Amino acid sequence: MGSMNNYPLVCAALECETMEEMASSMVKAKAEGANIVELCIHALSFIHISQLHSLINFRTLPAIVSLRDQSPSSMINKSKSKATLLEVLRVAMELEVEFIELDYELASDICIFQYKIQNPKSKFIVSRYINGGKAPSAETLGDLIADMQFTGADVIKLKIDVNYITDLVPIFRMLTHCQVPLIAIAVGSRGLICQLLGPKFGGFLVYGSLEGKPIAGLPTLVSLKNVYKLEHLNADTKVFGLVSNPVGHSKGPILHNPTFRHAGYNGIYVPMLVDDVKEFFKTYTSTDFAGFSVGIPHKEAAINCCDEVHPLAKSIGAVNTIIRRPIDGKLIGYNTDCEACITAIEDAMRGRKYVNGKDPESSPLAEKIFVLVGAGGAGRALAYGAKSRGARVVIFNRNFERAKALAHAVSGEALPYEDLDRFSPQNNMILANASSVGMEPKSNETPIAKGALKAYEVVFDAVYTPRNTRLLQEAAESGAIVVSGVEMFIRQALGQFRLFTDGLAPEAFMRKLILEQF
């Protein structure tokens, strides 16, 4: 059986119908990085006490035997027998299983203190699932925890439905201030950072899912092991993250987390699925949350959440990076997209490698027709960047009014989106896709017909998942120079990382990491 000396405890909950499946899942969980498993006895369709002996003895990791009366097909619910529950409890304690989990109602029906006197080696986790309605406040959670402590619990576990990422703030507060070991699980995709940041705020353990069995709100065990490496977290760790919706496509965590460790910086970078960006920044005011990447669709709205905005970002009207200034907590907005995408296009046209983002030569974009698809945050960065290089900017966007507004701001031209395939006033134009068309999972889509690509010398796609989008594939087949969004991602990430760390940016390491991972 494994040791419990590793910190933090990373747990895999094994909800299986058969003992054989649970045993094999236990082996898989260990291989993927779990250092403790939860054996969900209530999920088994049937198990004999002798089989329970075998299952617990088989464990190669510390275990939680959980007895939650919540599954309609479970052994406990079918029997409705307190005797059955007590027999399972007796066996678990006899075999000195590390933890026994009971839900609050079951724990209130028995005297945990009596069992602890008989066998002090097994610790009791008392859990409660809070679902439906508005997420509880910190005060409500505090009162609930106090009630649960009276059962004799060694550890309290709360599983809470969350509708918005802002619902997590009271949970983090409880993790920090709770006087008894606390496990908190936020159910739903908006709750992911509850697990990723649990060790920073004092959580007793975190949960991860097995590969191939995704669970909303839980990171995979593999990502916890290879990307986030929660053993490096402590109370002083600074939190950075991508504020976006959707956020699952982001490669930011696999770039920034290893780079923080490489640079010796105490930080973690996490995906933050945000619906209301204004409410998010109004709620997350702690200096623990030190910086943010800003993605679709929040780049324009986020500018109004900043206390100060860099002049370039202000002229563009969009930010992709926000830093919380340590001395006063004010939010400062920047845009690293603009130079990143424009220099990537310029260097591809010059046919040489990017060097420090600077070049004494005049821009190859000068006097070119720069066709832009998309008028959101990334589109604005491209439009202003192209204008600054002397290009003639023509904008296509599904929302024509937004296209016209951006065209007016850069002295360009807006045309109806449906005219894109027919627009070819001259050859050797430049096309830049700043929309989300072609992004995973809809990677079979493209913003323009293949036949229309013959008019373009260069085609750039800000989408970087997948790395080689359908647009880029068809552009290459049409003879155009193609520029991947990955190159833009590298360059804007270098700028962001310098802002996050006040100057640190191991460029060679970051570039190598991205090209290997993407």
# chains A, B, ... in the order shown; residues from 1 in each chain; ligands from 1
call {"tool": "residues_around", "arguments": {"residues": "A:Asn397", "least_positions_apart": "6", "cutoff": "7 Å", "atoms": "only C-alpha atoms", "output": "list of chain:residue names"}}
result
A:Val373, A:Gly374, A:Ala375, A:Ala403, A:Tyr417
call {"tool": "select_by_dssp", "arguments": {"residues": "stretch 165-225 of chain A", "states": "strand (DSSP E)", "output": "number ranges by chain"}}
result
A: 182-187, 205-207
call {"tool": "select_by_dssp", "arguments": {"residues": "stretch 269-449 of chain A", "states": "helix (DSSP H, G or I)", "output": "ChimeraX atom specification"}}
result
/A:277-283,301-305,311-316,337-350,377-388,400-409,417-422
call {"tool": "atom_distance", "arguments": {"atom1": "atom CA of A:Leu242", "atom2": "atom CA of A:Ile254"}}
result
12.2 Å
call {"tool": "residues_around", "arguments": {"residues": "A:Val294", "least_positions_apart": "5", "cutoff": "9 Å", "atoms": "only C-alpha atoms", "output": "list in words"}}
result
Gly241, Leu242, Val243, Ser244, Lys299, Ala302, Val319, Asn320, Thr321 and Ile322 of chain A
call {"tool": "residues_around", "arguments": {"residues": "stretch 138-149 of chain A", "least_positions_apart": "4", "cutoff": "9 Å", "atoms": "only C-alpha atoms", "output": "ChimeraX atom specification"}}
result
/A:104,107-108,126-128,153-158,169-174,178,180,182
call {"tool": "atom_distance", "arguments": {"atom1": "atom CA of A:Val274", "atom2": "atom CA of A:Gly295"}}
result
9.9 Å
call {"tool": "closest_residue", "arguments": {"among": "A:Glu507, A:Asp161, A:Asp167, A:Asp109", "to": "A:Asn131", "atoms": "only C-alpha atoms"}}
result
A:Asp161
call {"tool": "atom_distance", "arguments": {"atom1": "atom CA of A:Ile369", "atom2": "atom CA of A:Val309"}}
result
29.8 Å
call {"tool": "closest_residue", "arguments": {"among": "A:Ser66, A:Gly33, A:Glu38, A:Phe113", "to": "A:Lys229", "atoms": "only C-alpha atoms"}}
result
A:Gly33
call {"tool": "closest_residue", "arguments": {"among": "A:Gly479, A:Gly376, A:Pro364, A:Gly152", "to": "A:Ser388", "atoms": "only C-alpha atoms"}}
result
A:Pro364
call {"tool": "closest_residue", "arguments": {"among": "A:Asn119, A:Ser50, A:Asn57, A:Thr151", "to": "A:Ala23", "atoms": "only C-alpha atoms"}}
result
A:Asn57
call {"tool": "residues_around", "arguments": {"residues": "stretch 514-518 of chain A", "least_positions_apart": "6", "cutoff": "9 Å", "atoms": "only C-alpha atoms", "output": "number ranges by chain"}}
result
A: 251, 254-255, 464-467, 486, 489-490
call {"tool": "write_last_selection", "arguments": {"atoms": "N, CA and C atoms", "output": "tab-separated table (two decimals), in the first residue's frame"}}
result
chain	number	residue	atom	x	y	z
A	251	LYS	N	-3.96	26.76	-24.43
A	251	LYS	CA	-2.67	26.10	-24.20
A	251	LYS	C	-1.85	26.86	-23.17
A	254	ILE	N	-0.11	24.88	-20.25
A	254	ILE	CA	1.05	24.04	-20.56
A	254	ILE	C	2.27	24.87	-20.95
A	255	LEU	N	2.08	26.17	-21.14
A	255	LEU	CA	3.21	27.07	-21.37
A	255	LEU	C	3.66	27.76	-20.09
A	464	TYR	N	-5.19	28.96	-33.01
A	464	TYR	CA	-4.02	28.09	-32.87
A	464	TYR	C	-4.36	26.69	-32.36
A	465	THR	N	-5.65	26.42	-32.20
A	465	THR	CA	-6.08	25.05	-31.90
A	465	THR	C	-7.18	24.68	-32.90
A	466	PRO	N	-6.85	23.93	-33.94
A	466	PRO	CA	-5.60	23.22	-34.16
A	466	PRO	C	-4.50	24.14	-34.69
A	467	ARG	N	-3.28	23.63	-34.64
A	467	ARG	CA	-2.14	24.42	-35.09
A	467	ARG	C	-2.22	24.70	-36.59
A	486	VAL	N	0.00	29.94	-33.76
A	486	VAL	CA	0.97	29.52	-32.74
A	486	VAL	C	2.10	30.53	-32.63
A	489	PHE	N	0.87	33.35	-30.78
A	489	PHE	CA	0.73	32.94	-29.39
A	489	PHE	C	2.08	33.02	-28.66
A	490	ILE	N	3.13	32.55	-29.31
A	490	ILE	CA	4.46	32.60	-28.70
A	490	ILE	C	4.84	34.03	-28.36
call {"tool": "closest_residue", "arguments": {"among": "A:Phe124, A:Phe370, A:Tyr228, A:Tyr456", "to": "A:Gly208", "atoms": "only C-alpha atoms"}}
result
A:Tyr228
call {"tool": "closest_residue", "arguments": {"among": "A:Phe46, A:Phe509, A:Tyr164, A:Tyr115", "to": "A:Asp275", "atoms": "only C-alpha atoms"}}
result
A:Tyr164
call {"tool": "residues_around", "arguments": {"residues": "A:Pro326", "least_positions_apart": "4", "cutoff": "8 Å", "atoms": "only C-alpha atoms", "output": "MDAnalysis selection string"}}
result
chainID A and resid 287 290 330
